[in-house]
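Asker: Just so it is clear, I am handing over entry_6.txt, which has compact mmCIF, C-alpha atoms and all ligand atoms.
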```txt
# COMPACT_ATOMS: atom_id res chain seq x y z
CA MET A 904 88.69 113.08 146.27
CA LYS A 905 88.62 113.45 142.53
CA ASP A 906 88.00 116.98 141.27
CA LYS A 907 84.57 116.72 139.59
CA LYS A 908 85.61 119.00 136.76
CA VAL A 909 88.49 116.78 135.74
CA ILE A 910 86.92 114.22 133.41
CA VAL A 911 89.87 113.17 131.26
CA ASN A 912 93.15 112.01 132.81
CA SER A 913 95.14 108.89 131.99
CA TRP A 914 98.91 108.61 131.70
CA ASN A 915 99.58 104.90 131.56
CA GLU A 916 98.05 101.45 131.15
CA TRP A 917 97.82 100.39 134.82
CA ASP A 918 96.88 103.20 137.26
CA PRO A 919 93.46 102.73 138.95
CA LEU A 920 90.77 102.93 136.27
CA LYS A 921 87.75 105.10 137.15
CA HIS A 922 86.09 105.94 133.82
CA VAL A 923 86.25 104.10 130.51
CA ILE A 924 84.56 103.79 127.13
CA VAL A 925 83.39 100.29 126.12
CA GLY A 926 82.53 99.70 122.45
CA ARG A 927 79.36 98.24 120.92
CA ALA A 928 78.82 95.51 118.33
CA ASP A 929 75.74 97.11 116.70
CA GLY A 930 75.65 97.06 112.91
CA CYS A 931 79.25 95.88 112.55
CA CYS A 932 80.19 94.99 108.96
CA ILE A 933 82.87 92.83 107.42
CA PRO A 934 84.32 95.46 105.11
CA ALA A 935 84.74 94.90 101.38
CA PRO A 936 88.31 94.29 100.14
CA GLU A 937 90.69 97.26 100.20
CA PRO A 938 94.50 97.29 100.17
CA ALA A 939 95.39 97.71 103.86
CA LEU A 940 92.70 95.40 105.12
CA ASP A 941 93.52 92.60 102.69
CA ALA A 942 97.09 92.51 103.94
CA LYS A 943 95.88 91.84 107.48
CA VAL A 944 93.24 89.16 106.87
CA PRO A 945 95.18 85.91 107.32
CA GLU A 946 95.67 83.98 104.08
CA ASP A 947 93.75 80.95 105.36
CA SER A 948 90.99 83.00 107.00
CA ASP A 949 87.31 82.11 106.68
CA MET A 950 86.76 85.83 106.04
CA LYS A 951 88.32 85.74 102.56
CA GLY A 952 85.75 86.71 99.96
CA LYS A 953 83.06 87.64 102.51
CA HIS A 954 81.77 91.09 103.25
CA GLY A 955 78.65 92.85 104.47
CA PRO A 956 76.78 93.10 107.77
CA ARG A 957 77.40 90.43 110.41
CA THR A 958 74.41 88.31 111.39
CA LYS A 959 71.93 89.51 114.01
CA ASP A 960 72.63 86.48 116.21
CA THR A 961 76.36 87.17 116.38
CA VAL A 962 75.78 90.90 116.99
CA ASP A 963 73.31 90.17 119.79
CA LYS A 964 75.67 87.70 121.45
CA ALA A 965 78.63 90.09 121.25
CA ASN A 966 76.53 92.93 122.66
CA GLN A 967 75.37 90.74 125.51
CA LEU A 968 79.00 89.97 126.42
CA LEU A 969 80.01 93.63 126.13
CA ASN A 970 77.05 94.63 128.34
CA ASP A 971 78.03 92.00 130.92
CA PHE A 972 81.59 93.36 130.89
CA VAL A 973 80.16 96.86 131.50
CA SER A 974 78.23 95.53 134.53
CA ILE A 975 81.38 93.97 135.97
CA LEU A 976 83.22 97.29 135.64
CA GLU A 977 80.31 99.31 137.04
CA LYS A 978 80.02 97.01 140.06
CA ARG A 979 83.62 97.89 140.82
CA GLY A 980 82.76 101.59 140.79
CA ILE A 981 84.11 102.32 137.30
CA LYS A 982 82.01 104.71 135.22
CA VAL A 983 81.36 103.40 131.71
CA ASP A 984 80.30 105.29 128.59
CA ARG A 985 79.28 103.79 125.24
CA PRO A 986 79.75 105.14 121.69
CA GLU A 987 76.83 105.98 119.39
CA PRO A 988 76.99 103.65 116.38
CA LEU A 989 76.64 105.07 112.86
CA ASN A 990 74.90 103.13 110.11
CA PHE A 991 78.00 101.24 109.01
CA ASN A 992 76.35 99.51 106.06
CA GLN A 993 76.53 102.49 103.69
CA GLU A 994 78.98 103.58 101.03
CA ILE A 995 81.46 106.25 102.08
CA SER A 996 83.78 108.29 99.93
CA THR A 997 86.29 111.13 99.79
CA PRO A 998 87.52 112.89 96.62
CA ASP A 999 90.09 110.07 96.27
CA TRP A 1000 88.21 106.81 96.87
CA LYS A 1001 85.00 105.12 97.90
CA VAL A 1002 84.26 101.90 99.79
CA GLU A 1003 81.06 99.92 100.15
CA SER A 1004 80.77 100.04 103.92
CA MET A 1005 82.37 101.06 107.20
CA PHE A 1006 83.50 98.70 109.92
CA GLY A 1007 81.96 99.25 113.40
CA CYS A 1008 82.58 100.71 116.85
CA MET A 1009 83.60 97.82 119.05
CA PRO A 1010 87.38 98.44 119.33
CA ALA A 1011 87.43 101.95 120.87
CA ARG A 1012 91.14 101.51 121.68
CA ASP A 1013 92.06 101.53 117.99
CA VAL A 1014 90.72 105.04 117.40
CA ILE A 1015 90.97 107.12 120.58
CA LEU A 1016 94.28 107.74 122.36
CA THR A 1017 94.08 109.34 125.81
CA VAL A 1018 97.31 110.89 127.06
CA GLY A 1019 96.89 113.00 130.19
CA ASN A 1020 94.01 115.43 129.66
CA GLU A 1021 93.98 114.97 125.89
CA MET A 1022 91.98 112.64 123.65
CA LEU A 1023 93.46 112.26 120.19
CA GLU A 1024 91.63 110.74 117.22
CA ALA A 1025 94.06 108.55 115.27
CA THR A 1026 94.48 108.84 111.49
CA MET A 1027 93.66 105.13 110.94
CA SER A 1028 94.93 103.45 107.77
CA TYR A 1029 91.94 101.46 106.48
CA ARG A 1030 89.55 103.40 104.30
CA CYS A 1031 86.56 101.67 105.94
CA ARG A 1032 87.68 103.13 109.28
CA TRP A 1033 88.16 106.73 108.06
CA PHE A 1034 84.98 108.00 109.76
CA GLU A 1035 85.15 105.78 112.84
CA TYR A 1036 85.94 108.71 115.16
CA LEU A 1037 82.38 109.96 114.59
CA ASN A 1038 81.05 107.16 116.82
CA TYR A 1039 82.96 108.68 119.74
CA ARG A 1040 82.30 112.37 119.01
CA PRO A 1041 79.13 112.61 121.17
CA LEU A 1042 81.16 111.40 124.18
CA ILE A 1043 84.23 113.46 123.41
CA ASN A 1044 82.13 116.60 122.90
CA LYS A 1045 80.50 115.97 126.29
CA TYR A 1046 83.86 115.57 128.05
CA TYR A 1047 85.04 118.75 126.33
CA GLU A 1048 82.06 120.69 127.65
CA GLN A 1049 82.32 119.32 131.19
CA ASP A 1050 86.08 119.50 131.66
CA PRO A 1051 87.56 122.95 131.01
CA ASN A 1052 91.08 121.55 130.75
CA MET A 1053 90.30 118.65 128.43
CA LYS A 1054 91.97 118.82 125.02
CA HIS A 1055 90.32 117.32 121.97
CA GLU A 1056 92.69 116.71 119.08
CA SER A 1057 92.46 115.00 115.74
CA ALA A 1058 95.50 113.87 113.76
CA PRO A 1059 95.65 115.05 110.12
CA LYS A 1060 93.14 113.04 108.10
CA PRO A 1061 95.13 110.97 105.60
CA ARG A 1062 94.21 110.79 101.92
CA LEU A 1063 94.63 106.99 101.79
CA THR A 1064 95.15 106.89 98.03
CA ASP A 1065 96.78 103.80 96.49
CA LEU A 1066 100.16 105.47 97.12
CA ASP A 1067 99.74 104.61 100.82
CA TYR A 1068 99.89 100.86 100.21
CA ARG A 1069 102.60 98.59 98.84
CA LYS A 1070 101.36 96.61 95.86
CA ASP A 1071 103.57 93.69 96.91
CA TYR A 1072 100.94 92.93 99.55
CA LEU A 1073 98.00 92.74 97.12
CA SER A 1074 98.34 89.00 96.59
CA ASP A 1075 96.79 86.60 99.08
CA LYS A 1076 99.36 83.96 98.13
CA ILE A 1077 102.43 85.58 99.62
CA GLY A 1078 102.91 82.78 102.11
CA ILE A 1079 103.82 83.03 105.78
CA GLN A 1080 107.57 82.61 105.19
CA LYS A 1081 107.76 85.59 102.85
CA ARG A 1082 105.58 87.65 105.19
CA LEU A 1083 107.87 86.90 108.11
CA GLU A 1084 110.92 87.95 106.05
CA TRP A 1085 109.21 91.18 105.01
CA THR A 1086 107.96 92.13 108.46
CA GLU A 1087 111.37 91.36 110.00
CA LYS A 1088 112.86 93.81 107.46
CA LYS A 1089 110.12 96.30 108.38
CA PHE A 1090 108.70 96.09 104.87
CA PHE A 1091 105.04 96.62 105.78
CA VAL A 1092 101.90 97.18 103.71
CA THR A 1093 101.75 100.90 104.45
CA THR A 1094 104.25 103.22 102.71
CA GLU A 1095 105.70 106.48 103.99
CA GLU A 1096 103.44 108.64 101.82
CA GLU A 1097 101.88 110.46 104.82
CA PRO A 1098 101.61 109.99 108.62
CA LEU A 1099 99.49 106.98 109.57
CA PHE A 1100 98.79 105.45 112.96
CA ASP A 1101 96.13 103.54 114.85
CA ALA A 1102 95.78 104.43 118.54
CA ALA A 1103 96.12 100.74 119.50
CA ASP A 1104 99.75 100.76 118.31
CA ILE A 1105 100.64 103.05 121.21
CA LEU A 1106 101.33 102.09 124.83
CA ARG A 1107 101.52 104.76 127.48
CA PHE A 1108 104.21 104.54 130.16
CA GLY A 1109 103.99 108.04 131.69
CA LYS A 1110 106.67 110.18 130.03
CA ASP A 1111 107.41 107.46 127.51
CA LEU A 1112 105.17 106.36 124.66
CA VAL A 1113 106.03 103.05 123.00
CA VAL A 1114 104.73 102.76 119.45
CA GLN A 1115 104.65 99.70 117.20
CA HIS A 1116 105.88 100.25 113.64
CA GLY A 1117 103.87 97.83 111.50
CA PHE A 1118 100.95 97.56 109.07
CA THR A 1119 98.77 100.22 110.71
CA THR A 1120 101.44 102.69 111.88
CA ASN A 1121 104.27 103.99 109.70
CA LEU A 1122 107.44 105.92 110.61
CA LYS A 1123 105.87 109.22 109.54
CA GLY A 1124 103.03 108.47 111.96
CA ILE A 1125 105.53 107.88 114.76
CA ASP A 1126 107.37 111.08 113.84
CA TRP A 1127 104.06 112.96 113.91
CA LEU A 1128 103.38 111.58 117.40
CA SER A 1129 106.80 112.65 118.67
CA ARG A 1130 106.28 116.18 117.36
CA HIS A 1131 102.78 116.26 118.87
CA TYR A 1132 103.74 114.93 122.32
CA LYS A 1133 106.53 117.41 122.95
CA ASN A 1134 106.87 116.53 126.65
CA HIS A 1135 107.14 112.82 125.98
CA ARG A 1136 109.78 110.50 124.63
CA VAL A 1137 108.39 108.44 121.77
CA HIS A 1138 110.03 105.06 121.04
CA ALA A 1139 109.45 103.04 117.87
CA VAL A 1140 109.41 99.29 118.40
CA ASN A 1141 108.76 96.35 116.09
CA PHE A 1142 108.20 92.67 116.68
CA PRO A 1143 109.74 90.21 114.21
CA GLY A 1144 107.80 86.95 114.16
CA ASP A 1145 104.41 88.51 113.49
CA PRO A 1146 103.30 87.97 109.88
CA TYR A 1147 100.38 90.42 110.28
CA PRO A 1148 101.63 93.15 112.63
CA ILE A 1149 98.79 95.42 113.65
CA HIS A 1150 98.29 96.88 117.13
CA ILE A 1151 100.67 96.33 119.99
CA ASP A 1152 98.08 94.97 122.45
CA ALA A 1153 98.30 91.25 121.63
CA THR A 1154 102.10 91.42 121.62
CA PHE A 1155 103.48 93.56 124.42
CA THR A 1156 101.35 94.19 127.50
CA PRO A 1157 102.44 96.20 130.56
CA ILE A 1158 100.83 94.83 133.74
CA LYS A 1159 102.19 97.19 136.40
CA PRO A 1160 105.29 99.34 136.86
CA GLY A 1161 108.29 97.12 136.17
CA LEU A 1162 106.45 94.22 134.51
CA ILE A 1163 105.55 93.49 130.87
CA ILE A 1164 104.36 90.27 129.25
CA ASN A 1165 105.62 89.74 125.68
CA ASN A 1166 104.25 87.37 123.06
CA PRO A 1167 106.90 84.59 122.81
CA HIS A 1168 106.40 84.38 119.02
CA ARG A 1169 106.93 88.11 118.66
CA ARG A 1170 109.75 89.05 121.00
CA LEU A 1171 111.05 92.59 121.24
CA PRO A 1172 114.47 92.65 119.50
CA LYS A 1173 117.45 92.63 121.86
CA GLU A 1174 118.62 96.18 121.12
CA GLN A 1175 115.11 97.54 121.79
CA LYS A 1176 114.98 95.79 125.17
CA LYS A 1177 117.72 98.06 126.50
CA LEU A 1178 115.39 100.87 127.56
CA PHE A 1179 113.40 98.44 129.72
CA GLU A 1180 116.36 96.51 131.14
CA ASP A 1181 118.37 99.64 131.96
CA ASN A 1182 115.45 100.86 134.06
CA GLY A 1183 114.77 97.62 135.93
CA TRP A 1184 111.70 96.49 133.98
CA LYS A 1185 111.13 92.77 133.55
CA ILE A 1186 109.85 91.45 130.22
CA VAL A 1187 108.49 87.91 130.59
CA ASP A 1188 107.10 85.55 127.95
CA ALA A 1189 103.29 85.51 128.00
CA ALA A 1190 101.52 82.20 128.65
CA GLN A 1191 100.27 80.17 125.69
CA PRO A 1192 96.75 80.97 124.44
CA ALA A 1193 94.06 78.43 125.40
CA HIS A 1194 92.84 78.14 121.79
CA ASN A 1195 94.43 76.80 118.59
CA ALA A 1196 92.43 79.06 116.30
CA PRO A 1197 90.52 82.33 116.53
CA PRO A 1198 86.69 82.21 116.61
CA PRO A 1199 84.87 82.34 113.22
CA LEU A 1200 85.17 85.45 111.01
CA CYS A 1201 87.78 87.08 113.27
CA TYR A 1202 90.69 89.27 112.11
CA SER A 1203 92.75 88.80 115.22
CA SER A 1204 95.05 85.96 116.21
CA VAL A 1205 94.78 83.59 119.18
CA TRP A 1206 97.05 86.00 121.05
CA LEU A 1207 94.06 88.08 122.10
CA SER A 1208 94.74 85.95 125.19
CA MET A 1209 97.20 88.75 126.12
CA ASN A 1210 94.72 91.52 125.39
CA VAL A 1211 93.94 92.07 129.06
CA LEU A 1212 92.54 95.18 130.75
CA VAL A 1213 94.45 96.27 133.84
CA LEU A 1214 92.11 97.88 136.41
CA ASP A 1215 94.89 98.81 138.84
CA PRO A 1216 98.41 97.50 139.55
CA LYS A 1217 96.94 94.53 141.45
CA THR A 1218 93.84 93.71 139.39
CA VAL A 1219 93.42 92.58 135.79
CA CYS A 1220 90.52 91.43 133.60
CA VAL A 1221 91.39 88.33 131.55
CA GLU A 1222 89.10 86.59 129.04
CA LYS A 1223 87.35 83.75 130.85
CA SER A 1224 88.51 80.89 128.59
CA GLU A 1225 92.17 82.03 128.67
CA VAL A 1226 93.04 79.86 131.63
CA TYR A 1227 96.82 79.79 131.02
CA GLN A 1228 97.06 83.57 130.82
CA ALA A 1229 94.93 83.86 133.97
CA GLU A 1230 97.12 81.35 135.79
CA GLN A 1231 100.30 83.19 134.82
CA LEU A 1232 98.98 86.57 135.96
CA ASP A 1233 97.74 85.03 139.20
CA LYS A 1234 101.24 83.65 139.83
CA LEU A 1235 102.65 87.08 139.09
CA GLY A 1236 100.62 88.36 142.03
CA MET A 1237 97.60 89.85 140.27
CA GLU A 1238 93.98 89.39 141.23
CA VAL A 1239 92.40 88.04 138.04
CA ILE A 1240 88.81 88.88 137.10
CA PRO A 1241 87.55 86.45 134.44
CA VAL A 1242 85.41 88.14 131.79
CA GLU A 1243 83.69 86.22 128.99
CA LEU A 1244 84.31 87.96 125.66
CA ARG A 1245 85.48 85.39 123.10
CA ASP A 1246 82.27 85.53 121.07
CA ALA A 1247 82.82 89.27 120.63
CA TYR A 1248 86.44 88.95 119.36
CA ALA A 1249 85.34 88.95 115.72
CA PHE A 1250 83.95 92.46 116.17
CA GLY A 1251 87.42 93.92 116.63
CA GLY A 1252 89.35 92.33 119.47
CA GLY A 1253 89.54 91.60 123.18
CA LEU A 1254 89.21 93.33 126.54
CA HIS A 1255 91.89 95.96 125.87
CA CYS A 1256 90.72 96.60 122.30
CA CYS A 1257 87.08 97.21 123.19
CA THR A 1258 87.91 99.86 125.78
CA ALA A 1259 89.41 103.36 125.75
CA ASP A 1260 90.58 105.13 128.90
CA VAL A 1261 88.86 108.29 130.07
CA TYR A 1262 90.18 108.56 133.65
CA ARG A 1263 92.83 106.72 135.60
CA GLU A 1264 94.05 108.06 138.91
CA GLY A 1265 97.64 109.18 139.03
CA LYS A 1266 99.97 111.69 137.46
CA LEU A 1267 102.59 111.91 134.77
CA GLU A 1268 105.63 109.98 135.98
CA ASP A 1269 109.01 109.02 134.58
CA TYR A 1270 109.38 105.23 134.62
CA PHE A 1271 112.54 105.23 132.48
CA PRO A 1272 114.88 107.85 133.98
CA LYS A 1273 117.97 106.14 132.55
CA GLN A 1274 118.19 106.85 128.81
O1 LIG A 1301 97.46 89.27 117.20
O2 LIG A 1301 95.92 89.56 115.72
C1 LIG A 1301 95.28 91.82 117.41
C2 LIG A 1301 95.24 93.22 117.94
C3 LIG A 1301 93.87 93.75 118.02
N1 LIG A 1301 93.83 95.11 118.49
C4 LIG A 1301 96.68 89.99 116.60
C5 LIG A 1301 96.62 91.44 116.94
```
Now that the file is in, can you turn its structure into structure tokens?
Ligand code: DAV

Answerer:
Amino acid sequence: MKDKKVIVNSWNEWDPLKHVIVGRADGCCIPAPEPALDAKVPEDSDMKGKHGPRTKDTVDKANQLLNDFVSILEKRGIKVDRPEPLNFNQEISTPDWKVESMFGCMPARDVILTVGNEMLEATMSYRCRWFEYLNYRPLINKYYEQDPNMKHESAPKPRLTDLDYRKDYLSDKIGIQKRLEWTEKKFFVTTEEEPLFDAADILRFGKDLVVQHGFTTNLKGIDWLSRHYKNHRVHAVNFPGDPYPIHIDATFTPIKPGLIINNPHRRLPKEQKKLFEDNGWKIVDAAQPAHNAPPPLCYSSVWLSMNVLVLDPKTVCVEKSEVYQAEQLDKLGMEVIPVELRDAYAFGGGLHCCTADVYREGKLEDYFPKQ
């Protein structure tokens, strides 16, 4: 039996999920241009030049899908909490900058990192997301009151002045070839001015944390994480082949101990595979996405097909239209639960993105003893 006082506990991406946060689409805005965000919006995107609140119809549809996902989880005995949306359509500022609006609170995974009994608010690197942690504060404060061992941490708020962003990325006519050269050389939009990371760049494998170095997380951010998580080993990874590298969860997805699916267009470089191979982990190419293009007004790529939520080492939620990904995971021995979410993708991502762990059964374990 679970100790009632222990509310927060999650050490990896696959142990049995018992309590989770699922985001909301309410009031979500397409943010106005700003340096870090511009670098991520694909050059041919229908989002170029648009900003402001999303339409009521699209918000309602996304919320309906998120609510249905919540019901599926609850029917399986998983407790679900929801954030409290701010009014995103208002100007925000710090002494250094101001932006016309905020973003939203659908992708909880981007902001909140749960490691063991601790929830950490990420720095973020987009100005429009600077205050996003506030949507989760009512929940986090509640967990903190109920669970005497829970730790609530916040990474140093970054200043996000222009010094944080490389001017080379200001053009929207860089071209995919140049972007691929730059990202392969680890020349990303964010500089090393101060520590920056999004929580969705981090994967938890017990004692080891695997962190993607890319647009939203810099080396100083990874160094900050390794100083913060003293009892962990923190590994920086990068994935050449991705022209817009943000967040690890449409690129490299652990399914259960010993098994990872990797985006075949963004393979982990050979030398970085060593840690996994030396410890008997298999990295297999993920199945092709079922779609040729993302849905309208969406930041993310078609590889949200891989953005699955593992409920336990035998059960995984896969977006309903992603039939190839479902088939692959079925063949790999998983029970696949189809969940419709595609019309919510534009609000910040898929099934992994829109959730943040509160409680998974299980303890801290060492899955990579050889290193
Ligand atoms: O492939 O566009 C999406 C990750 C969202 N958290 C991609 C990355």

Asker: Residues of chain A that approach ligand LIG 1301 (chain A) to 6 Å or less, counting all atoms listed in the file: could you list each one with the shortest pair of atoms and its distance in Å to one decimal, rows by chain and increasing residue number, as a tab-separated table?

Answerer:
```
residue	atom	partner	partner_atom	distance
A:Ile1149	CA	A:LIG1301	C5	5.6
A:His1150	CA	A:LIG1301	C2	4.8
A:Asp1152	CA	A:LIG1301	C2	5.6
A:Ala1153	CA	A:LIG1301	O1	4.9
A:Ser1203	CA	A:LIG1301	O2	3.3
A:Ser1204	CA	A:LIG1301	O2	3.7
A:Trp1206	CA	A:LIG1301	O1	5.1
A:Gly1252	CA	A:LIG1301	C3	5.0
A:Cys1256	CA	A:LIG1301	N1	5.1
```

Asker: Can I get the selected residues back with C-alpha atoms, as a PDB file, in the coordinates of the input?

Answerer:
```
ATOM      1  CA  ILE A1149      98.790  95.420 113.650  1.00  0.00           C
ATOM      2  CA  HIS A1150      98.290  96.880 117.130  1.00  0.00           C
ATOM      3  CA  ASP A1152      98.080  94.970 122.450  1.00  0.00           C
ATOM      4  CA  ALA A1153      98.300  91.250 121.630  1.00  0.00           C
ATOM      5  CA  SER A1203      92.750  88.800 115.220  1.00  0.00           C
ATOM      6  CA  SER A1204      95.050  85.960 116.210  1.00  0.00           C
ATOM      7  CA  TRP A1206      97.050  86.000 121.050  1.00  0.00           C
ATOM      8  CA  GLY A1252      89.350  92.330 119.470  1.00  0.00           C
ATOM      9  CA  CYS A1256      90.720  96.600 122.300  1.00  0.00           C
TER      10      CYS A1256
END
```

Asker: Around the point (79.4, 88.3, 116.1), in the coordinates given by the file, pick out the residues reaching within 10 Å, counting all atoms listed in the file, and return them as number ranges by chain.

Answerer: A: 928-929, 931-932, 956-966, 1198-1201, 1245-1251

Asker: Write out as a PyMOL selection string each polymer residue whose atoms come within 12 Å of Tyr1132 in chain A, counting only C-alpha atoms; drop sequence neighbours fewer than 5 positions from it.

Answerer: chain A and resi 1016-1019+1021+1023+1056+1058+1107+1109-1112+1125-1127+1137-1138

Asker: Around (106.4, 111.6, 137.1) in the file's frame, which residues reach within 12 Å when counting only C-alpha atoms? Return as number ranges by chain?

Answerer: A: 914-915, 1019, 1108-1111, 1134-1135, 1265-1272

Asker: Quick one: of A:Tyr1036, A:Phe1100, A:Phe1142, A:Tyr1068, who's nearest to Glu1087 in chain A, counting all atoms listed in the file?

Answerer: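 Selected residue with least distance to Glu1087 in chain A: A:Phe1142.
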
Asker: Give me the residues within 10 Å of Thr1086 in chain A as a VMD selection string, counting all atoms listed in the file and dropping any in the same chain fewer than 4 places off.

Answerer: chain A and resid 1081 to 1082 1090 to 1092 1116 to 1118 1141 to 1148

Asker: Need to verify the contact set: Arg1012 in chain A, 12 Å, all atoms listed in the file, exclusion of same-chain residues closer than 5 positions in sequence. Can you return it as number ranges by chain?

Answerer: A: 916, 923-926, 986, 1017, 1022-1025, 1027, 1035-1036, 1039, 1101-1106, 1150-1152, 1210, 1212, 1251-1261

Asker: Write a file of the selected residues as a short mmCIF file (atom, residue, chain, number, x, y, z; two decimals), in the coordinates of the input, keeping C-alpha atoms.

Answerer:
```cif
data_model
loop_
_atom_site.label_atom_id
_atom_site.label_comp_id
_atom_site.auth_asym_id
_atom_site.auth_seq_id
_atom_site.Cartn_x
_atom_site.Cartn_y
_atom_site.Cartn_z
CA GLU A 916 98.05 101.45 131.15
CA VAL A 923 86.25 104.10 130.51
CA ILE A 924 84.56 103.79 127.13
CA VAL A 925 83.39 100.29 126.12
CA GLY A 926 82.53 99.70 122.45
CA PRO A 986 79.75 105.14 121.69
CA THR A 1017 94.08 109.34 125.81
CA MET A 1022 91.98 112.64 123.65
CA LEU A 1023 93.46 112.26 120.19
CA GLU A 1024 91.63 110.74 117.22
CA ALA A 1025 94.06 108.55 115.27
CA MET A 1027 93.66 105.13 110.94
CA GLU A 1035 85.15 105.78 112.84
CA TYR A 1036 85.94 108.71 115.16
CA TYR A 1039 82.96 108.68 119.74
CA ASP A 1101 96.13 103.54 114.85
CA ALA A 1102 95.78 104.43 118.54
CA ALA A 1103 96.12 100.74 119.50
CA ASP A 1104 99.75 100.76 118.31
CA ILE A 1105 100.64 103.05 121.21
CA LEU A 1106 101.33 102.09 124.83
CA HIS A 1150 98.29 96.88 117.13
CA ILE A 1151 100.67 96.33 119.99
CA ASP A 1152 98.08 94.97 122.45
CA ASN A 1210 94.72 91.52 125.39
CA LEU A 1212 92.54 95.18 130.75
CA GLY A 1251 87.42 93.92 116.63
CA GLY A 1252 89.35 92.33 119.47
CA GLY A 1253 89.54 91.60 123.18
CA LEU A 1254 89.21 93.33 126.54
CA HIS A 1255 91.89 95.96 125.87
CA CYS A 1256 90.72 96.60 122.30
CA CYS A 1257 87.08 97.21 123.19
CA THR A 1258 87.91 99.86 125.78
CA ALA A 1259 89.41 103.36 125.75
CA ASP A 1260 90.58 105.13 128.90
CA VAL A 1261 88.86 108.29 130.07
#
```

Asker: Which residue, A:Asn1038, A:Ser1057, A:Asn970, A:Gln1115, has the smallest gap to Val983 in chain A when you use only C-alpha atoms?

Answerer: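 Result for the nearest residue to Val983 in chain A: A:Asn970.
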
Asker: Considering all atoms listed in the file, state which residue in the set A:Asp1067, A:Leu1207, A:Arg1062, A:Tyr1072 is at the smallest distance from Lys1223 in chain A.

Answerer: A:Leu1207

Asker: Got a moment to write range 947-960 of chain A out with N, CA and C atoms, as a PDB file, in the first residue's frame?

Answerer:
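Now in selection_35.pdb:
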```pdb
ATOM      1  N   ASP A 947       8.649  27.313 -43.073  1.00  0.00           N
ATOM      2  CA  ASP A 947       7.480  27.273 -43.963  1.00  0.00           C
ATOM      3  C   ASP A 947       6.167  27.172 -43.174  1.00  0.00           C
ATOM      4  N   SER A 948       6.224  27.496 -41.864  1.00  0.00           N
ATOM      5  CA  SER A 948       5.046  27.285 -41.021  1.00  0.00           C
ATOM      6  C   SER A 948       3.921  28.270 -41.319  1.00  0.00           C
ATOM      7  N   ASP A 949       2.686  27.798 -41.169  1.00  0.00           N
ATOM      8  CA  ASP A 949       1.519  28.672 -41.287  1.00  0.00           C
ATOM      9  C   ASP A 949       1.403  29.620 -40.095  1.00  0.00           C
ATOM     10  N   MET A 950       2.312  29.471 -39.117  1.00  0.00           N
ATOM     11  CA  MET A 950       2.245  30.352 -37.939  1.00  0.00           C
ATOM     12  C   MET A 950       2.999  31.650 -38.143  1.00  0.00           C
ATOM     13  N   LYS A 951       3.846  31.702 -39.184  1.00  0.00           N
ATOM     14  CA  LYS A 951       4.653  32.909 -39.422  1.00  0.00           C
ATOM     15  C   LYS A 951       3.743  34.127 -39.545  1.00  0.00           C
ATOM     16  N   GLY A 952       4.072  35.162 -38.783  1.00  0.00           N
ATOM     17  CA  GLY A 952       3.319  36.408 -38.892  1.00  0.00           C
ATOM     18  C   GLY A 952       1.989  36.417 -38.148  1.00  0.00           C
ATOM     19  N   LYS A 953       1.661  35.310 -37.468  1.00  0.00           N
ATOM     20  CA  LYS A 953       0.381  35.301 -36.722  1.00  0.00           C
ATOM     21  C   LYS A 953       0.685  35.338 -35.228  1.00  0.00           C
ATOM     22  N   HIS A 954      -0.102  36.103 -34.493  1.00  0.00           N
ATOM     23  CA  HIS A 954      -0.057  35.930 -33.041  1.00  0.00           C
ATOM     24  C   HIS A 954      -1.354  36.404 -32.406  1.00  0.00           C
ATOM     25  N   GLY A 955      -1.530  36.035 -31.132  1.00  0.00           N
ATOM     26  CA  GLY A 955      -2.771  36.381 -30.445  1.00  0.00           C
ATOM     27  C   GLY A 955      -3.503  35.115 -30.005  1.00  0.00           C
ATOM     28  N   PRO A 956      -4.648  35.290 -29.349  1.00  0.00           N
ATOM     29  CA  PRO A 956      -5.369  34.127 -28.808  1.00  0.00           C
ATOM     30  C   PRO A 956      -5.799  33.162 -29.912  1.00  0.00           C
ATOM     31  N   ARG A 957      -5.787  31.895 -29.619  1.00  0.00           N
ATOM     32  CA  ARG A 957      -6.302  30.883 -30.553  1.00  0.00           C
ATOM     33  C   ARG A 957      -7.836  30.939 -30.539  1.00  0.00           C
ATOM     34  N   THR A 958      -8.466  30.414 -31.575  1.00  0.00           N
ATOM     35  CA  THR A 958      -9.925  30.556 -31.666  1.00  0.00           C
ATOM     36  C   THR A 958     -10.629  29.679 -30.625  1.00  0.00           C
ATOM     37  N   LYS A 959     -11.839  30.100 -30.265  1.00  0.00           N
ATOM     38  CA  LYS A 959     -12.609  29.372 -29.256  1.00  0.00           C
ATOM     39  C   LYS A 959     -12.864  27.934 -29.709  1.00  0.00           C
ATOM     40  N   ASP A 960     -13.189  27.762 -30.982  1.00  0.00           N
ATOM     41  CA  ASP A 960     -13.452  26.406 -31.488  1.00  0.00           C
ATOM     42  C   ASP A 960     -12.277  25.471 -31.271  1.00  0.00           C
TER      43      ASP A 960
END
```
